[in-house]
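Enquirer: Let me begin by handing over the structure; questions about it come next.
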Amino acid sequence: MKFHKYNSDFSFVKAPMEFNKYTDRNTLQYCLGGTLYMPGTKDIKDKVVNHQLDVTSFVMCCEDAIKEEDLPKAEQNILDHMDYFADLIEAGKLSHDDIPLIFVRVRNPEQFKDFVSRMTKKQASVLTGFNFPKFNSRVALDVLRTLVEVNNRFGVVLYGMPILEGEEVAFHETRNQELLLLRNILEPYKDLILNIRVGGTDMSSLFGVRRGINSTVYDIMPVRDALSDVLNFFNRYNDYCVSAAVWEYFRVYKEDDIDEVIKRNFHNALVKGQDIVNPAIDGLLKEVLVDRANGFVGKTIIHPTHAKFVNAMFTVVEEEYHDAIQILNTSGGVIKSSGGDKMNEIGPHHRWAEKIVKRAKVYGVVKNEDSVLGLVLGHNK
């Protein structure tokens with residue numbers, strides 16, 4: 001896999017790297033980008049093989065996306081997908097680099113145990129891992145021990161991605177204690193945790209609210225506070241990658257006036273709330289801008305057209321890349337930035353620089369913020 005393949009002619013300052021499920025975890029945790037969620041009953045084998053799905057990671061869901069009575073059908077469909085991809089790899093007709101990072105969102109700890117008991121090593125060889133919804137301190141150890149057991153049984157790394165979305169994290173009076181418990185529980189299993197994910201929709205539902213198309217999840221104050229605390233516990237010292245909440249609106253863009261769109265100052269338009277593509281996409285872009293500023297990497301998406309927007313927003317612009325390299329290559333003190341417009345303080349900015357360099361390696365480096373929109377819309381800018 002490689003980001004931005006849909007725009008193969010784009011001129012990067014630094015091109016993104018290739019990766020697959022066997023890439024080192026410290027890099028792979030940055031590689032999910034816009035992660036597409038879909039029902040586990042959906043057949044996407046041909047779309048994956050024919051490169052018709054412009055995503056680098058997707059989740060086949062056995063939980064909220066399907067009816068309970070459809071669970072056996074979803075489970076068998078997922079296993080069939082794994083067999084199909086593994087068979088093509090064994091036949092030399094497909095490689096691991098051709099397959100997005102594939103995850104299964106399990107329903108609960110019991111269903112997780114039952115599902116993995118029926119998996120084979122061949123199926124595990126093409127699966128990247130599992131998403132654990134409603135992850136809390138009561139179920140955490142049970143789930144994590146099953147994850148370790150299945151890794152030991154197959155001898156193939158299968159990662160876990162806890163989803164923090166329940167009352168324990170959403171409600172103020174229990175949140176800090178729960179997050180501290182979870183951090184301590186997860187620590188011994190850290191090498192098997194690829195991402196910490198957050199359920200913005202589930203948390204919003206607990207308060208009977210939903211963000212509109214012209215607002216972001218950060219405008220919902222109780223949810224914003226919960227997300228802030230999740231970052232406080234899990235985004236310290238770059239220990240974990242935390243992925244941002246799903247964007248719920250999926251109206252796609254039309255390419256009628258792309259040349260006019262490209263001429264706009266993309267970053268200023270986002271900051272000032274000016275129209276860019278259409279309300280649904282503009283809302284997504286504005287939310288990712290805040291996601292990124294707060295240290296989230298990647299985002300849950302529910303429509304494949306969103307992937308290129310999310311992934312482009314996580315590219316690194318040339319100036320910040322040079323700043324990051326300058327910081328990492330300087331022993332201490334304060335120096336003027338590469339562009340001469342800011343200070344780079346070596347100690348305080350060091351972890352920021354580490355994250356920027358990792359993002360640059362995975363998503364690529366572009367000339368400036370306006371280049372991000374050119375990358376999305378297929379222009380070589």
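Labels for the structure tokens follow display order: chains A, B, ..., residues from 1 in each chain, ligands from 1.
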Which residues, written as a list in words, have at least one atom at most 6 Å from Gly364 in chain A, with only C-alpha atoms counted and residues fewer than 5 positions away on the same chain left out?
Expert: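 Contacts, with the query itself left out: Lys14, Ala15, Pro16 and Thr315 of chain A.
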Enquirer: Can you write out the residues you just picked, keeping N, CA and C atoms, as a compact mmCIF listing (two decimals), in the first residue's frame?
Expert:
# COMPACT_ATOMS: atom_id res chain seq x y z
N LYS A 14 8.70 15.08 -1.04
CA LYS A 14 9.18 13.77 -0.57
C LYS A 14 8.02 12.80 -0.71
N ALA A 15 8.21 11.76 -1.50
CA ALA A 15 7.14 10.82 -1.80
C ALA A 15 6.82 9.93 -0.60
N PRO A 16 5.55 9.51 -0.45
CA PRO A 16 5.20 8.59 0.64
C PRO A 16 5.80 7.21 0.43
N THR A 315 -0.71 14.81 4.97
CA THR A 315 0.61 15.08 4.40
C THR A 315 1.27 16.21 5.19
Enquirer: If you run DSSP on this backbone, which residues of range 187-334 of chain A come out as strand (DSSP E), and could you give them as a ChimeraX atom specification?
Expert: /A:196-198,242-243,299-301,316-317,334
Enquirer: Save the residues we just selected, N, CA and C atoms, as an mmCIF file, in the first residue's frame?
Expert:
data_model
loop_
_atom_site.group_PDB
_atom_site.id
_atom_site.type_symbol
_atom_site.label_atom_id
_atom_site.label_comp_id
_atom_site.auth_asym_id
_atom_site.auth_seq_id
_atom_site.Cartn_x
_atom_site.Cartn_y
_atom_site.Cartn_z
ATOM 1 N N ILE A 196 -5.293 3.735 19.264
ATOM 2 C CA ILE A 196 -6.416 3.984 20.161
ATOM 3 C C ILE A 196 -7.439 4.747 19.319
ATOM 4 N N ARG A 197 -8.671 4.263 19.283
ATOM 5 C CA ARG A 197 -9.699 4.911 18.478
ATOM 6 C C ARG A 197 -10.798 5.450 19.398
ATOM 7 N N VAL A 198 -11.532 6.436 18.909
ATOM 8 C CA VAL A 198 -12.578 7.069 19.718
ATOM 9 C C VAL A 198 -13.908 7.019 18.966
ATOM 10 N N VAL A 242 -3.453 8.026 18.281
ATOM 11 C CA VAL A 242 -4.884 8.115 18.560
ATOM 12 C C VAL A 242 -5.570 8.605 17.287
ATOM 13 N N SER A 243 -6.559 7.848 16.833
ATOM 14 C CA SER A 243 -7.258 8.171 15.592
ATOM 15 C C SER A 243 -8.523 8.962 15.890
ATOM 16 N N LYS A 299 -8.356 8.890 10.750
ATOM 17 C CA LYS A 299 -9.753 9.193 11.069
ATOM 18 C C LYS A 299 -10.647 8.078 10.536
ATOM 19 N N THR A 300 -11.680 7.770 11.270
ATOM 20 C CA THR A 300 -12.684 6.826 10.784
ATOM 21 C C THR A 300 -13.519 7.495 9.708
ATOM 22 N N ILE A 301 -13.781 6.781 8.616
ATOM 23 C CA ILE A 301 -14.637 7.313 7.550
ATOM 24 C C ILE A 301 -15.715 6.294 7.209
ATOM 25 N N VAL A 316 2.553 16.353 4.991
ATOM 26 C CA VAL A 316 3.321 17.381 5.701
ATOM 27 C C VAL A 316 3.796 18.411 4.686
ATOM 28 N N VAL A 317 3.650 19.687 5.000
ATOM 29 C CA VAL A 317 4.116 20.711 4.071
ATOM 30 C C VAL A 317 5.623 20.900 4.249
ATOM 31 N N VAL A 334 17.596 27.474 21.103
ATOM 32 C CA VAL A 334 16.540 28.032 20.257
ATOM 33 C C VAL A 334 17.172 28.532 18.973
#
Enquirer: From the list A:Ser204, A:Ser331, A:Asn294, A:Gln29, which residue is nearest Val230 in chain A when using only C-alpha atoms?
Expert: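 Residue with the minimum atom-to-atom distance to Val230 in chain A: A:Asn294.
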Enquirer: Interatomic distance between CA of Tyr249 in chain A and CA of Ser228 in chain A?
Expert: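 Distance between the two atoms: 22.9 Å.
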Enquirer: In Å, with one decimal, what is the gap from CA of Ala170 in chain A to CA of Lys134 in chain A?
Expert: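 Pair CA of Ala170 in chain A / CA of Lys134 in chain A returns 11.2 Å.
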Enquirer: Report as a list in words all protein, DNA and RNA residues lying within 9 Å of Phe250 in chain A, evaluated on only C-alpha atoms, omitting residues in the same chain fewer than 3 positions from it.
Expert: Trp247, Ala280, Ile281, Ile301, Ile302, His303, Thr305 and His306 of chain A
Enquirer: Could those residues be written to a file, using N, CA and C atoms, as a PDB file, in the first residue's frame?
Expert:
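Okay, selection-v4.pdb is ready:
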ATOM      1  N   TRP A 247     -16.515  11.189  10.664  1.00  0.00           N
ATOM      2  CA  TRP A 247     -17.335  12.253  10.081  1.00  0.00           C
ATOM      3  C   TRP A 247     -18.565  11.604   9.465  1.00  0.00           C
ATOM      4  N   ALA A 280     -20.581  19.116   2.969  1.00  0.00           N
ATOM      5  CA  ALA A 280     -20.164  17.873   3.623  1.00  0.00           C
ATOM      6  C   ALA A 280     -18.655  17.713   3.611  1.00  0.00           C
ATOM      7  N   ILE A 281     -18.035  17.967   2.456  1.00  0.00           N
ATOM      8  CA  ILE A 281     -16.583  17.830   2.357  1.00  0.00           C
ATOM      9  C   ILE A 281     -15.893  18.965   3.110  1.00  0.00           C
ATOM     10  N   ILE A 301     -13.781   6.781   8.616  1.00  0.00           N
ATOM     11  CA  ILE A 301     -14.637   7.313   7.550  1.00  0.00           C
ATOM     12  C   ILE A 301     -15.715   6.294   7.209  1.00  0.00           C
ATOM     13  N   ILE A 302     -16.824   6.773   6.643  1.00  0.00           N
ATOM     14  CA  ILE A 302     -17.936   5.884   6.299  1.00  0.00           C
ATOM     15  C   ILE A 302     -18.241   5.915   4.806  1.00  0.00           C
ATOM     16  N   HIS A 303     -17.426   6.621   4.035  1.00  0.00           N
ATOM     17  CA  HIS A 303     -17.603   6.650   2.576  1.00  0.00           C
ATOM     18  C   HIS A 303     -16.220   6.673   1.934  1.00  0.00           C
ATOM     19  N   THR A 305     -15.049   7.929  -0.696  1.00  0.00           N
ATOM     20  CA  THR A 305     -14.606   9.201  -1.274  1.00  0.00           C
ATOM     21  C   THR A 305     -13.933  10.102  -0.244  1.00  0.00           C
ATOM     22  N   HIS A 306     -14.142   9.827   1.033  1.00  0.00           N
ATOM     23  CA  HIS A 306     -13.522  10.650   2.082  1.00  0.00           C
ATOM     24  C   HIS A 306     -12.047  10.339   2.266  1.00  0.00           C
TER      25      HIS A 306
END
Enquirer: Quick one: residues within 12 Å of Lys361 in chain A, only C-alpha atoms, excluding same-chain residues fewer than 4 positions away - as a PyMOL selection string?
Expert: chain A and resi 2-3+12-19+26-28+30-31+314-316+321+354-357+365-366
Enquirer: My list of candidates is A:Asn368, A:Val148, A:Ile89, A:Ala312. Which is closest to Asn7 in chain A when distances are computed with only C-alpha atoms?
Expert: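 Looking at the shortest contact to Asn7 in chain A, the residue is A:Ala312.
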Enquirer: From a backbone DSSP assignment, name each residue in range 4-86 of chain A labelled helix (DSSP H, G or I), as a count of residues only.
Expert: 31
Enquirer: With a distance cut-off of 8 Å and only C-alpha atoms, select the neighbouring residues of His350 in chain A, excluding the residue or stretch itself and same-chain residues fewer than 6 positions from it, and output the selection as a ChimeraX atom specification.
Expert: /A:324,327-328
Enquirer: Would you mind listing what lies within 6 Å of range 45-58 of chain A as number ranges by chain, with only C-alpha atoms counted and same-chain residues fewer than 6 positions away left out?
Expert: A: 32, 35-37, 100-102, 307
Enquirer: Using only C-alpha atoms, can you tell me which of A:Glu319, A:Phe207, A:Met313, A:Ala140 comes closest to Gly298 in chain A?
Expert: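 Of all the options, A:Met313 lies closest to Gly298 in chain A.
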Enquirer: Using only C-alpha atoms, which of the listed residues (A:Ile99, A:Ala91, A:Val143, A:Met221) sits closest to Tyr189 in chain A?
Expert: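 Using only C-alpha atoms, Tyr189 in chain A sits closest to A:Val143.
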Enquirer: Report, in Å to a single decimal, how far apart CA of Val139 in chain A and CA of Phe296 in chain A are.
Expert: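 CA of Val139 in chain A lies at a distance of 24.9 Å from CA of Phe296 in chain A.
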